[in-house]
Every structure is written in structure tokens, then in C-alpha cells.
>>> print(open('work_14.cif').read())   # mmCIF, C-alpha atoms
data_input
#
loop_
_atom_site.label_atom_id
_atom_site.label_comp_id
_atom_site.auth_asym_id
_atom_site.auth_seq_id
_atom_site.Cartn_x
_atom_site.Cartn_y
_atom_site.Cartn_z
CA MET I 330 -34.34 -55.95 18.39
CA ILE I 331 -35.01 -55.74 14.65
CA LEU I 332 -32.09 -54.10 12.85
CA SER I 333 -31.79 -52.13 9.65
CA PHE I 334 -28.67 -50.99 7.80
CA ASP I 335 -27.91 -47.61 6.23
CA ASP I 336 -24.87 -46.62 4.19
CA GLN I 337 -26.15 -43.45 2.51
CA GLU I 338 -23.59 -40.84 1.51
CA ASP I 339 -24.17 -38.50 4.45
CA VAL I 340 -23.86 -41.37 6.92
CA LEU I 341 -20.60 -42.66 5.45
CA ALA I 342 -19.15 -39.15 5.43
CA PHE I 343 -20.10 -38.62 9.07
CA VAL I 344 -18.87 -41.96 10.45
CA GLY I 345 -15.57 -41.42 8.65
CA GLY I 346 -15.09 -37.88 9.94
CA ALA I 347 -12.03 -37.13 12.07
CA ASP I 348 -14.08 -35.46 14.82
CA SER I 349 -17.11 -37.77 14.65
CA PRO I 350 -16.13 -40.06 17.57
CA GLU I 351 -16.31 -37.03 19.90
CA LEU I 352 -19.04 -35.08 18.08
CA SER I 353 -21.45 -38.04 18.10
CA GLN I 354 -21.21 -38.21 21.89
CA VAL I 355 -22.17 -34.57 22.60
CA GLY I 356 -25.88 -35.34 22.89
CA ALA I 357 -29.19 -35.33 21.05
CA ALA I 358 -30.20 -32.67 18.55
CA CYS I 359 -33.85 -32.36 19.64
CA PRO I 360 -36.37 -33.91 22.09
CA ASP I 361 -37.77 -36.48 19.64
CA HIS I 362 -34.25 -37.80 19.12
CA LEU I 363 -33.95 -38.60 22.82
CA VAL I 364 -36.92 -40.93 22.62
CA HIS I 365 -35.98 -42.66 19.38
CA THR I 366 -32.16 -42.50 19.26
CA LYS I 367 -31.31 -42.13 22.98
CA VAL I 368 -28.92 -39.44 24.19
CA VAL I 369 -26.02 -40.68 22.09
CA PRO I 370 -25.34 -43.46 19.57
CA LEU I 371 -22.82 -46.23 20.02
CA PHE I 372 -19.74 -45.25 18.02
CA ILE I 373 -17.39 -48.14 17.23
CA ASP I 374 -13.72 -47.16 17.16
CA TRP I 375 -12.70 -49.30 14.20
CA THR I 376 -10.27 -48.65 11.35
CA PRO I 377 -11.40 -50.53 8.22
CA ASP I 378 -8.00 -50.64 6.54
CA ALA I 379 -6.10 -51.70 9.64
CA GLU I 380 -8.43 -54.13 11.45
CA ASP I 381 -10.20 -57.34 10.35
CA ILE I 382 -13.86 -58.30 10.58
CA GLU I 383 -13.33 -60.49 13.64
CA GLY I 384 -11.90 -57.45 15.39
CA LEU I 385 -15.01 -55.48 14.45
CA LYS I 386 -17.27 -58.23 15.82
CA ALA I 387 -15.39 -58.22 19.11
CA LYS I 388 -15.63 -54.43 19.37
CA LEU I 389 -19.37 -54.55 18.67
CA VAL I 390 -19.96 -57.09 21.44
CA GLU I 391 -17.83 -55.10 23.88
CA GLY I 392 -19.34 -51.81 22.76
CA VAL I 393 -22.95 -52.90 23.20
CA ALA I 394 -22.19 -54.30 26.67
CA ALA I 395 -20.43 -51.08 27.72
CA TYR I 396 -23.26 -48.96 26.29
CA LYS I 397 -25.85 -50.87 28.32
CA GLU I 398 -23.82 -50.44 31.48
CA GLN I 399 -23.43 -46.70 30.89
CA TYR I 400 -27.15 -46.31 30.21
CA GLN I 401 -27.91 -48.10 33.47
CA GLN I 402 -25.67 -45.62 35.29
CA TYR I 403 -27.32 -42.69 33.49
CA PHE I 404 -30.74 -43.93 34.59
CA GLU I 405 -29.71 -44.54 38.20
CA SER I 406 -28.11 -41.10 38.47
CA ASN I 407 -31.13 -39.19 37.18
CA LYS I 408 -34.23 -41.27 37.87
CA ASN I 409 -37.30 -39.93 39.60
CA GLU I 410 -39.56 -41.94 41.86
CA GLY I 411 -41.62 -44.42 39.89
CA ASP I 412 -39.49 -44.30 36.72
CA VAL I 413 -39.01 -47.61 34.92
CA MET I 414 -35.88 -47.91 32.78
CA PHE I 415 -36.25 -48.25 29.04
CA GLU I 416 -34.28 -50.87 27.20
CA SER I 417 -30.62 -50.10 27.59
CA ALA I 418 -29.45 -51.28 24.15
CA PRO I 419 -28.30 -48.61 21.66
CA ARG I 420 -30.79 -47.45 19.04
CA VAL I 421 -28.10 -46.18 16.64
CA ILE I 422 -24.71 -47.82 15.99
CA LEU I 423 -22.11 -45.99 13.89
CA ILE I 424 -19.20 -47.86 12.26
CA PRO I 425 -16.46 -46.11 10.22
CA GLY I 426 -16.28 -47.46 6.68
CA VAL I 427 -19.50 -49.43 7.13
CA GLY I 428 -22.33 -47.05 7.96
CA MET I 429 -25.17 -46.95 10.46
CA ILE I 430 -27.18 -49.74 12.07
CA ASN I 431 -30.52 -48.81 13.60
CA THR I 432 -32.53 -50.89 16.03
CA GLY I 433 -36.14 -51.02 17.11
CA LYS I 434 -38.96 -53.26 18.29
CA SER I 435 -39.92 -53.46 14.61
CA TRP I 436 -38.35 -52.66 11.25
CA ALA I 437 -40.56 -49.57 11.03
CA LEU I 438 -39.31 -48.24 14.39
CA SER I 439 -35.70 -48.90 13.40
CA GLN I 440 -36.37 -46.71 10.37
CA VAL I 441 -37.63 -43.93 12.64
CA SER I 442 -34.32 -44.05 14.52
CA GLY I 443 -32.43 -43.90 11.23
CA ALA I 444 -34.45 -41.01 9.82
CA LEU I 445 -33.95 -38.96 12.98
CA TYR I 446 -30.21 -39.60 13.00
CA HIS I 447 -29.96 -38.37 9.42
CA ARG I 448 -31.46 -35.13 10.79
CA ALA I 449 -28.97 -35.18 13.65
CA ILE I 450 -26.08 -35.46 11.19
CA ALA I 451 -27.42 -32.47 9.27
CA VAL I 452 -27.75 -30.45 12.50
CA MET I 453 -24.22 -31.31 13.62
CA ARG I 454 -22.80 -30.52 10.18
CA GLY I 455 -24.53 -27.14 10.14
CA ALA I 456 -23.60 -26.27 13.72
CA THR I 457 -19.93 -27.13 13.33
CA SER I 458 -19.67 -25.20 10.08
CA LEU I 459 -20.71 -22.07 11.99
CA GLY I 460 -19.24 -22.80 15.41
CA GLN I 461 -19.79 -25.58 17.93
CA PHE I 462 -22.55 -28.15 18.38
CA VAL I 463 -23.91 -28.26 21.94
CA SER I 464 -26.75 -30.21 23.53
CA LEU I 465 -28.48 -30.66 26.89
CA SER I 466 -26.86 -31.81 30.11
CA ALA I 467 -27.33 -35.43 31.10
CA ASN I 468 -30.03 -34.51 33.64
CA GLU I 469 -31.86 -32.28 31.17
CA SER I 470 -31.72 -35.03 28.57
CA TYR I 471 -33.08 -37.55 31.06
CA ASN I 472 -35.99 -35.32 32.04
CA VAL I 473 -36.99 -35.02 28.38
CA GLU I 474 -36.50 -38.73 27.64
CA TYR I 475 -38.63 -39.72 30.66
CA TRP I 476 -41.04 -36.76 30.43
CA PRO I 477 -44.57 -38.01 31.22
CA LEU I 478 -45.90 -36.67 27.92
CA GLU I 479 -43.29 -38.66 25.99
CA LEU I 480 -44.08 -41.74 28.07
CA TYR I 481 -47.74 -41.28 27.22
CA LYS I 482 -46.92 -41.17 23.49
CA LEU I 483 -45.06 -44.46 23.81
CA SER I 484 -47.99 -46.00 25.66
CA LEU I 485 -50.15 -45.46 22.56
CA ALA I 486 -48.03 -47.89 20.55
CA PRO I 487 -49.61 -51.32 19.89
CA ALA I 488 -48.82 -53.90 22.57
CA GLU I 489 -46.16 -56.45 21.72
CA THR I 490 -47.42 -59.94 20.88
CA GLU I 491 -46.06 -63.50 20.77
CA PHE I 492 -43.76 -63.05 17.77
CA SER I 493 -42.85 -59.38 18.15
CA ARG I 494 -39.14 -58.82 17.43
CA LYS I 495 -38.91 -62.27 15.84
CA VAL I 496 -37.74 -62.92 12.28
CA ALA I 497 -39.06 -66.09 10.62
CA PHE I 498 -37.34 -67.57 7.56
CA ILE I 499 -39.79 -69.72 5.57
CA THR I 500 -38.73 -71.88 2.64
CA GLY I 501 -41.40 -72.66 0.08
CA GLY I 502 -42.85 -69.31 1.10
CA ALA I 503 -44.95 -68.89 -2.05
CA GLY I 504 -46.89 -72.12 -1.51
CA GLY I 505 -50.00 -72.94 0.48
CA ILE I 506 -48.36 -73.89 3.78
CA GLY I 507 -45.58 -71.30 3.47
CA SER I 508 -47.88 -68.37 2.72
CA GLU I 509 -50.42 -69.32 5.43
CA THR I 510 -47.58 -69.67 7.94
CA ALA I 511 -46.25 -66.24 7.03
CA ARG I 512 -49.66 -64.66 7.53
CA ARG I 513 -50.16 -66.50 10.82
CA LEU I 514 -46.81 -65.41 12.29
CA VAL I 515 -47.09 -61.82 11.06
CA SER I 516 -50.53 -61.56 12.67
CA GLU I 517 -48.74 -61.94 16.01
CA GLY I 518 -45.92 -59.51 15.32
CA ALA I 519 -43.29 -61.42 13.34
CA HIS I 520 -41.27 -60.21 10.39
CA VAL I 521 -41.08 -62.93 7.74
CA VAL I 522 -38.78 -63.92 4.91
CA LEU I 523 -40.39 -65.82 2.04
CA ALA I 524 -37.72 -67.86 0.27
CA ASP I 525 -38.79 -69.70 -2.87
CA LEU I 526 -37.64 -70.61 -6.37
CA ASN I 527 -40.89 -68.96 -7.44
CA LEU I 528 -39.80 -65.40 -6.72
CA GLU I 529 -42.86 -63.85 -8.38
CA GLY I 530 -45.17 -65.91 -6.17
CA ALA I 531 -43.19 -65.05 -3.02
CA GLN I 532 -43.25 -61.35 -3.92
CA LYS I 533 -47.01 -61.48 -4.39
CA VAL I 534 -47.51 -62.95 -0.90
CA ALA I 535 -45.04 -60.46 0.60
CA GLN I 536 -46.84 -57.54 -1.02
CA GLU I 537 -50.20 -58.71 0.33
CA ILE I 538 -48.73 -58.94 3.83
CA ASN I 539 -47.03 -55.55 3.60
CA ASP I 540 -50.20 -53.91 2.33
CA GLN I 541 -52.02 -55.18 5.41
CA TYR I 542 -49.35 -54.92 8.13
CA GLY I 543 -46.93 -52.22 6.96
CA ALA I 544 -43.76 -51.77 4.97
CA ASN I 545 -41.17 -54.56 5.01
CA ARG I 546 -42.96 -56.85 7.45
CA ALA I 547 -42.41 -59.48 4.76
CA TYR I 548 -39.44 -59.85 2.44
CA ALA I 549 -39.28 -62.14 -0.60
CA LEU I 550 -36.13 -63.64 -2.06
CA LYS I 551 -35.31 -66.28 -4.65
CA MET I 552 -33.48 -69.29 -3.27
CA ASP I 553 -32.72 -72.84 -4.39
CA VAL I 554 -32.46 -74.94 -1.22
CA THR I 555 -30.09 -77.37 -2.95
CA ASP I 556 -27.54 -74.64 -3.75
CA GLU I 557 -25.16 -74.14 -0.82
CA GLU I 558 -23.97 -70.71 -1.93
CA ALA I 559 -27.54 -69.54 -2.58
CA VAL I 560 -28.60 -70.58 0.93
CA GLN I 561 -25.62 -68.83 2.52
CA SER I 562 -26.25 -65.71 0.44
CA ALA I 563 -29.92 -65.69 1.49
CA TYR I 564 -29.02 -65.62 5.18
CA ALA I 565 -26.53 -62.81 4.55
CA ASP I 566 -29.29 -60.91 2.74
CA VAL I 567 -31.69 -61.42 5.66
CA ALA I 568 -29.04 -60.22 8.13
CA VAL I 569 -28.87 -56.94 6.23
CA GLN I 570 -32.68 -56.70 6.03
CA TYR I 571 -33.54 -57.48 9.64
CA GLY I 572 -30.38 -58.29 11.60
CA GLY I 573 -30.76 -62.05 11.98
CA VAL I 574 -33.15 -65.00 12.19
CA ASP I 575 -35.11 -66.45 15.12
CA ILE I 576 -37.44 -68.99 13.50
CA ILE I 577 -36.83 -71.38 10.61
CA VAL I 578 -39.66 -73.14 8.80
CA ASN I 579 -38.11 -75.84 6.61
CA ASN I 580 -40.99 -76.27 4.19
CA ALA I 581 -39.70 -76.35 0.58
CA GLY I 582 -41.15 -79.40 -1.08
CA LEU I 583 -41.87 -81.62 -4.03
CA ALA I 584 -43.30 -85.10 -4.46
CA THR I 585 -43.01 -87.91 -6.99
CA SER I 586 -44.69 -91.30 -7.27
CA SER I 587 -43.45 -94.48 -8.96
CA PRO I 588 -43.53 -98.19 -8.21
CA PHE I 589 -40.24 -99.09 -6.54
CA ASP I 590 -38.85 -101.08 -9.47
CA GLU I 591 -39.66 -98.19 -11.81
CA THR I 592 -38.05 -95.51 -9.60
CA SER I 593 -35.18 -93.98 -11.54
CA LEU I 594 -31.95 -92.74 -10.02
CA LYS I 595 -32.89 -89.28 -11.27
CA GLU I 596 -36.18 -89.39 -9.35
CA TRP I 597 -34.46 -90.74 -6.23
CA ASN I 598 -31.80 -88.02 -6.33
CA LEU I 599 -34.38 -85.29 -6.94
CA ASN I 600 -36.23 -86.19 -3.74
CA MET I 601 -33.03 -86.57 -1.74
CA ASN I 602 -31.58 -83.29 -3.02
CA VAL I 603 -34.61 -81.11 -2.27
CA LEU I 604 -36.08 -82.84 0.79
CA GLY I 605 -32.84 -84.12 2.28
CA THR I 606 -29.91 -81.95 1.24
CA GLY I 607 -32.10 -78.84 0.99
CA TYR I 608 -33.40 -79.20 4.53
CA PHE I 609 -29.87 -79.93 5.74
CA LEU I 610 -28.38 -76.80 4.15
CA VAL I 611 -31.14 -74.46 5.35
CA ALA I 612 -30.95 -75.85 8.89
CA ARG I 613 -27.14 -75.93 9.04
CA GLU I 614 -26.74 -72.28 8.09
CA ALA I 615 -29.49 -71.32 10.53
CA PHE I 616 -27.78 -73.33 13.27
CA LYS I 617 -24.50 -71.46 12.70
CA LEU I 618 -26.28 -68.11 12.82
CA MET I 619 -28.31 -68.94 15.92
CA LYS I 620 -25.17 -70.05 17.76
CA GLN I 621 -23.52 -66.72 16.93
CA GLN I 622 -26.58 -64.76 17.98
CA GLY I 623 -26.60 -66.47 21.36
CA ILE I 624 -30.33 -66.06 22.00
CA GLY I 625 -31.61 -69.51 20.98
CA GLY I 626 -34.06 -70.13 18.19
CA SER I 627 -36.71 -72.46 16.83
CA MET I 628 -36.72 -74.65 13.75
CA VAL I 629 -39.85 -76.37 12.47
CA PHE I 630 -39.50 -79.07 9.82
CA ILE I 631 -42.49 -79.88 7.63
CA GLY I 632 -42.30 -83.63 7.26
CA SER I 633 -45.16 -85.83 6.15
CA LYS I 634 -47.34 -88.70 7.18
CA ASN I 635 -44.91 -90.59 4.94
CA SER I 636 -42.09 -89.76 7.38
CA VAL I 637 -43.40 -92.64 9.50
CA TYR I 638 -45.63 -94.49 7.00
CA ALA I 639 -44.37 -96.58 4.09
CA GLY I 640 -46.20 -94.92 1.24
CA LYS I 641 -47.09 -97.19 -1.66
CA SER I 642 -45.34 -96.25 -4.92
CA ALA I 643 -43.55 -93.41 -3.14
CA SER I 644 -40.30 -94.93 -1.88
CA ALA I 645 -38.10 -91.97 -2.86
CA TYR I 646 -40.46 -89.38 -1.35
CA SER I 647 -41.16 -91.41 1.79
CA SER I 648 -37.47 -92.14 2.39
CA ALA I 649 -36.54 -88.48 2.04
CA LYS I 650 -39.35 -87.45 4.41
CA ALA I 651 -38.13 -89.99 6.96
CA LEU I 652 -34.65 -88.48 6.59
CA GLU I 653 -36.08 -85.03 7.39
CA ALA I 654 -37.72 -86.21 10.59
CA HIS I 655 -34.58 -87.90 11.87
CA LEU I 656 -32.35 -85.01 10.80
CA ALA I 657 -34.56 -82.71 12.90
CA ARG I 658 -34.05 -84.94 15.95
CA CYS I 659 -30.29 -85.02 15.40
CA ILE I 660 -30.16 -81.22 15.25
CA ALA I 661 -32.36 -81.01 18.36
CA ALA I 662 -29.89 -83.20 20.25
CA GLU I 663 -27.02 -80.84 19.41
CA GLY I 664 -28.97 -77.60 19.68
CA GLY I 665 -30.28 -77.90 23.21
CA GLU I 666 -27.25 -76.38 24.90
CA TYR I 667 -27.64 -73.29 22.68
CA GLY I 668 -31.38 -72.94 23.25
CA ILE I 669 -32.10 -74.06 19.69
CA ARG I 670 -35.29 -76.12 19.51
CA VAL I 671 -36.11 -78.34 16.51
CA ASN I 672 -39.51 -79.97 16.01
CA THR I 673 -41.33 -81.62 13.12
CA ILE I 674 -44.90 -81.54 11.87
CA LEU I 675 -46.29 -84.49 9.94
CA PRO I 676 -49.17 -83.34 7.71
CA ASP I 677 -51.06 -85.35 5.16
CA ALA I 678 -52.87 -84.54 1.93
CA ILE I 679 -52.72 -80.74 1.94
CA LEU I 680 -54.34 -80.25 -1.44
CA GLN I 681 -55.44 -76.62 -1.04
CA GLY I 682 -53.05 -74.03 -2.51
CA SER I 683 -50.39 -76.64 -3.26
CA ALA I 684 -48.29 -76.56 -6.41
CA ILE I 685 -47.36 -80.21 -5.70
CA TRP I 686 -50.96 -81.41 -5.66
CA ASN I 687 -51.86 -79.37 -8.72
CA GLY I 688 -49.22 -81.21 -10.74
CA SER I 689 -48.60 -84.83 -11.68
CA TRP I 690 -48.50 -85.95 -8.03
CA ARG I 691 -52.32 -85.78 -7.82
CA ASN I 692 -52.72 -88.07 -10.81
CA GLU I 693 -49.99 -90.41 -9.60
CA ARG I 694 -51.48 -90.77 -6.10
CA ALA I 695 -54.98 -91.31 -7.53
CA ALA I 696 -53.62 -94.04 -9.76
CA ALA I 697 -51.88 -95.68 -6.79
CA TYR I 698 -55.24 -95.86 -4.97
CA GLY I 699 -57.22 -96.86 -8.08
CA ILE I 700 -59.46 -93.77 -8.07
CA GLU I 701 -60.01 -90.66 -10.18
CA PRO I 702 -57.99 -87.49 -9.36
CA ASP I 703 -61.14 -85.53 -8.47
CA GLN I 704 -62.00 -88.19 -5.88
CA LEU I 705 -58.79 -87.72 -3.92
CA GLU I 706 -60.00 -85.10 -1.47
CA GLU I 707 -62.97 -87.21 -0.39
CA TYR I 708 -60.81 -90.35 -0.30
CA TYR I 709 -58.33 -88.69 2.06
CA ARG I 710 -61.11 -87.33 4.27
CA LYS I 711 -62.71 -90.73 4.70
CA ARG I 712 -59.50 -92.46 5.69
CA THR I 713 -58.98 -90.18 8.70
CA THR I 714 -60.42 -91.15 12.06
CA LEU I 715 -61.81 -87.63 12.48
CA LEU I 716 -63.33 -87.61 8.97
CA VAL I 717 -61.81 -84.23 8.12
CA ASN I 718 -59.71 -82.63 5.41
CA ILE I 719 -56.49 -80.85 6.35
CA TYR I 720 -55.76 -77.31 5.14
CA PRO I 721 -52.66 -75.09 5.08
CA ARG I 722 -54.01 -73.00 7.98
CA ASP I 723 -54.09 -76.14 10.14
CA ILE I 724 -50.36 -76.68 9.54
CA ALA I 725 -49.69 -72.96 10.13
CA GLU I 726 -51.28 -73.29 13.57
CA GLY I 727 -48.98 -76.19 14.40
CA ILE I 728 -45.95 -74.22 13.24
CA ALA I 729 -47.00 -71.22 15.33
CA PHE I 730 -47.28 -73.47 18.38
CA PHE I 731 -43.82 -75.00 17.94
CA ALA I 732 -42.27 -71.59 17.24
CA SER I 733 -43.93 -69.94 20.23
CA SER I 734 -43.15 -69.67 23.94
CA LYS I 735 -45.95 -72.20 24.55
CA SER I 736 -43.56 -74.96 23.49
CA GLU I 737 -40.37 -73.44 24.90
CA LYS I 738 -39.59 -76.71 26.69
CA THR I 739 -40.29 -78.97 23.70
CA THR I 740 -37.68 -80.15 21.20
CA GLY I 741 -37.09 -83.25 19.11
CA CYS I 742 -40.85 -83.76 18.90
CA MET I 743 -43.03 -84.96 16.01
CA MET I 744 -46.65 -83.80 15.84
CA THR I 745 -49.15 -85.30 13.41
CA ILE I 746 -51.71 -82.98 11.80
CA ASP I 747 -53.41 -85.44 9.48
CA GLY I 748 -56.91 -85.93 10.83
CA GLY I 749 -55.80 -89.16 12.46
CA VAL I 750 -54.47 -91.65 9.91
CA PRO I 751 -54.06 -94.83 12.01
CA ALA I 752 -51.25 -96.18 9.81
CA ALA I 753 -49.21 -93.06 10.65
CA PHE I 754 -49.80 -93.00 14.41
CA THR I 755 -46.39 -92.43 15.98
CA ARG I 756 -47.37 -94.22 19.17
#
>>> encode(input="work_14.cif", output="C-alpha cells")
Amino acid sequence: MILSFDDQEDVLAFVGGADSPELSQVGAACPDHLVHTKVVPLFIDWTPDAEDIEGLKAKLVEGVAAYKEQYQQYFESNKNEGDVMFESAPRVILIPGVGMINTGKSWALSQVSGALYHRAIAVMRGATSLGQFVSLSANESYNVEYWPLELYKLSLAPAETEFSRKVAFITGGAGGIGSETARRLVSEGAHVVLADLNLEGAQKVAQEINDQYGANRAYALKMDVTDEEAVQSAYADVAVQYGGVDIIVNNAGLATSSPFDETSLKEWNLNMNVLGTGYFLVAREAFKLMKQQGIGGSMVFIGSKNSVYAGKSASAYSSAKALEAHLARCIAAEGGEYGIRVNTILPDAILQGSAIWNGSWRNERAAAYGIEPDQLEEYYRKRTTLLVNIYPRDIAEGIAFFASSKSEKTTGCMMTIDGGVPAAFTR
């Protein structure tokens, strides 16, 4: 489920109330609540000042499991012939001193649950100020929740698609590959996080996606992949926004070109820091989170033709790209038992929409081949066996494949999307 967090004043007052553990379990305040918040929320019996965070985590795990079991019993006790049980997970979770967590198939639906529970709090506050809050019996509640008219309303919702309920974290999200990948995944139901040093650019892409697909389908944040604390903080931010992460696209990039004997230590370290250390930090924090989540995950590394090809006058860049490809395989070897898949795409010459190719790298690569910068695109096309140019959307398709259920039994793999450059054939 996609999660959202709410700590508004009325919520904090309610979850901290002396009678709230019992009051919250009386029942729903109106029929719509039964559909979107279930009969009752999950209330976590936790004392902020007396118990630690690990204790809270344990109570959440136990509480969700117990809630599911109780919902199963509720369904079995009241079901009519032909009824199919809804998902048994809680839609609203209340935690003293913390607030309210809402769940849904999408962020928008989690917000519906939250908005309705704000109304429920108001109803309970008003009822108890005058007397006692009462609700329907379990059987009455069931007959409303599974009322054919309500089931018909739910049937009108858009069908779930490949990446529904998935959260994808994309580094270099403002760039050509990152932005195309975000659009591709969102088109099949994903929520996406666009992480980039260029916050303004990431926000622009996120706004375009949200205008087309709805509020908060995309979220932009500023992040330096070489800063350990910034990477950790970004994942914490995403946990509050959506609840967790399912897909990682390690795509942040740069490129430099120098003859080997003219390659400075500064240039070498720049490539290693961004393309090596940066990919390591993003993947390591994702790995930790995915292990805790316990539902697997997919990481896709954006390597390069140079990951397997010794690029002329690009020793620092090529070495760092080779590091990425092998790092991905190392993580894949350790991630298998947790259902964490890690695969790599090796593109080449993605000039369209690229900040890298619009900078000095274009001039440097043209000089290395003895041609003019405006001849590069045609030069790269002609050296492919398919005689094609490669575009960001081509890489986005490869990412979507690796992140999808179509490759659920594939990990530690490298896939070339370069038009067929013989020197970079991996076989």
C-alpha cells in the first residue's frame, strides 16, 4: 500500500486522548467511512515517553498482523454467498504522540482515508461531548461495507497496472533519462521520487507529471549522491511521503574526457565520487530499507557502453562505469535471499535532453574522434550495427522491463541498449 502521514492538531489530540483506545474501536461514523477506513482503525498502544522506537516498530508489526486476522474473522462471520474479501490491512493507523498513518492503493486514496477519519474524529468529539458515541453492529457494518452499490462504486475505479502501489526513487531525475523513466513508470501506475542536485529542474518534471496524473504522483527533492547524510535524509523524507521504496534507478551522472597522462587526481576523484561512491550510497540505503520492508525490490543501475569498453581518453569515466556494473552484480549476489533484484543497463551516446552532452563532454568526445561537435550524433549512429540513434525513452523502456514482473526471475544481468556497438558486445 501507499502510505501518507498526518500529524494535524486534531489528530494528535485524539490519539493522545485517555479514552481514544476504546473510542476508536466503537465503529465507523458513516457508510462512506466503512468503505474507505474500514470498521475501525488500528490503534497502537504505545507510550512515547516510556517506550523506544524499536518497541513501536515491534508493536506495529504485531498490530498489523492481528488486525488482518481479526478482519478475516469478521469477514468469515458475516459473509454472504459470492462475497470476495477486501484487503485485510488497516486503512488508518493511530499512534499516540506520532499521529495518523493512512493507506491506500495510491497516495490519493490514502488521502481519502485520512480526510474521512478527520470527520470521524469530529463526530466522536461532538458525540462524546453530549453523551456517548455509538455505531452499527458488526453485521450491520459488514452489510454496508459489502453492499452491492458500494461494490459497484469501487468497480468504477481505474484498473491497477504493472507499477500500481510501487514507489520508484530515481536519481538524476531532472535529466533526460531520469525524466523519461519517471513518465514511463507513472504511466503504468507508479509514484516517483525525482532526486537531483538540480531541484528546480526536478520540480518542473514533477509538476508536469502531477498535472497529468494527479496530485503527488511525483515528488522532487534535492540530493547530492556523494553526501551520505543527504542520501539517508532523502530516504527518510520519502518514507514520510509514500511509506517506502520499491524501485531504485541509480542514474545520477557526469562525464569527463582527458588523455590518460593528463587525467588529474581531481578529475579521477570526481568520477569515482559521483559514479562510484554515489551509486554505492544510494544502493546501500535502499538495500537496508528493502530488507526492513520484507517485500523485495528492484534496483536498476544506469551504466554505460564504457562499463565494458575501454573508452579512449576517458579512463576515469570508464573505470567508474565499470565499477558500477560490478557493484550491481555484488549487490545482486547478496540481495537474492531478500527478493532484491539488481540489474544494469549499458546505454551509449544519449545526447537528447542530456546536461552531460550539452556541456564540455560533447566537445571533448568530438575531439577524441577528430570530428566537429555537431557531427557527433551522425558519427554515433553510423558506428552502430543497427544504424540508429539511442534516445532517453529507449533507456526508460529497458528500466521499465527490469523493474517489472516480466523480469522477476532476472538479477545480476547487464543489458546493452546502444544500437549494437560491436566493441561493447558483452558476449
>>> residues_around(input="work_14.cif", residues="region 525-535 of chain I", least_positions_apart="2", cutoff="7 Å", atoms="all atoms listed in the file", output="list of chain:residue names")
I:Thr500, I:Gly501, I:Gly502, I:Ala503, I:Ser508, I:Leu523, I:Glu537, I:Ile538, I:Asn539, I:Ala547, I:Tyr548, I:Ala549, I:Leu550, I:Lys551, I:Met552, I:Asp553
>>> resolve_selection(input="work_14.cif", expression="the PyMOL selection byres ((chain I and resi 608-619) around 7)", output="MDAnalysis selection string")
chainID I and resid 554 557 560:561 579 604:607 620:623 625:626
>>> resolve_selection(input="work_14.cif", expression="the PyMOL selection byres ((chain I and resi 735-738) around 12)", output="PyMOL selection string")
chain I and resi 491-492+625-629+661+665+668-672+727-734+739-742
>>> residues_around(input="work_14.cif", residues="region 646-648 of chain I", least_positions_apart="2", cutoff="9 Å", atoms="all atoms listed in the file", output="MDAnalysis selection string")
chainID I and resid 583:586 597 600:601 604 633:641 643:644 650:653
>>> resolve_selection(input="work_14.cif", expression="the PyMOL selection byres ((chain I and resi 570) around 8)", output="MDAnalysis selection string")
chainID I and resid 332:334 566:569 571:572
>>> write_last_selection(input="work_14.cif", atoms="C-alpha atoms", output="short mmCIF file (atom, residue, chain, number, x, y, z; two decimals), in the coordinates of the input")
data_model
loop_
_atom_site.label_atom_id
_atom_site.label_comp_id
_atom_site.auth_asym_id
_atom_site.auth_seq_id
_atom_site.Cartn_x
_atom_site.Cartn_y
_atom_site.Cartn_z
CA LEU I 332 -32.09 -54.10 12.85
CA SER I 333 -31.79 -52.13 9.65
CA PHE I 334 -28.67 -50.99 7.80
CA ASP I 566 -29.29 -60.91 2.74
CA VAL I 567 -31.69 -61.42 5.66
CA ALA I 568 -29.04 -60.22 8.13
CA VAL I 569 -28.87 -56.94 6.23
CA TYR I 571 -33.54 -57.48 9.64
CA GLY I 572 -30.38 -58.29 11.60
#
>>> atom_distance(input="work_14.cif", atom1="CA of Lys434 (chain I)", atom2="CA of Tyr542 (chain I)")
14.6 Å
>>> atom_distance(input="work_14.cif", atom1="CA of Leu480 (chain I)", atom2="CA of Ala394 (chain I)")
25.3 Å
>>> closest_residue(input="work_14.cif", among="I:Ile506, I:Leu675, I:Ala695, I:Ile499", to="Tyr720 (chain I)", atoms="all atoms listed in the file")
I:Ile506
>>> residues_around(input="work_14.cif", residues="Pro487 (chain I)", least_positions_apart="3", cutoff="12 Å", atoms="only C-alpha atoms", output="list in words")
Lys434, Ser435, Lys482, Leu483, Ser484, Thr490, Ser493, Glu517 and Gly518 of chain I
>>> atom_distance(input="work_14.cif", atom1="CA of Thr555 (chain I)", atom2="CA of Arg658 (chain I)")
20.7 Å
>>> residues_around(input="work_14.cif", residues="Ala544 (chain I)", least_positions_apart="6", cutoff="9 Å", atoms="all atoms listed in the file", output="list in words")
Trp436, Ala437, Gln536 and Ile538 of chain I
>>> closest_residue(input="work_14.cif", among="I:Gly664, I:Pro370, I:Gly455, I:Pro477", to="Asp412 (chain I)", atoms="all atoms listed in the file")
I:Pro477
>>> closest_residue(input="work_14.cif", among="I:Val390, I:Val522, I:Ala678, I:Ala357", to="Arg712 (chain I)", atoms="only C-alpha atoms")
I:Ala678
>>> axis_aligned_box(input="work_14.cif", around="region 371-386 of chain I", padding_each_side="4 Å", output="AutoDock Vina command-line options")
--center_x -14.5 --center_y -52.9 --center_z 13.3 --size_x 24.7 --size_y 23.2 --size_z 21.5
>>> residues_around(input="work_14.cif", residues="Val750 (chain I)", least_positions_apart="6", cutoff="10 Å", atoms="all atoms listed in the file", output="PyMOL selection string")
chain I and resi 634+638+677+709-716
>>> closest_residue(input="work_14.cif", among="I:Gly632, I:Glu726, I:Asp348, I:Arg691", to="Thr457 (chain I)", atoms="only C-alpha atoms")
I:Asp348
>>> closest_residue(input="work_14.cif", among="I:Tyr698, I:Cys359, I:Ala662, I:Ala449", to="Glu469 (chain I)", atoms="only C-alpha atoms")
I:Cys359
>>> closest_residue(input="work_14.cif", among="I:Ala497, I:Met414, I:Ala654, I:Ala379", to="Arg512 (chain I)", atoms="all atoms listed in the file")
I:Ala497
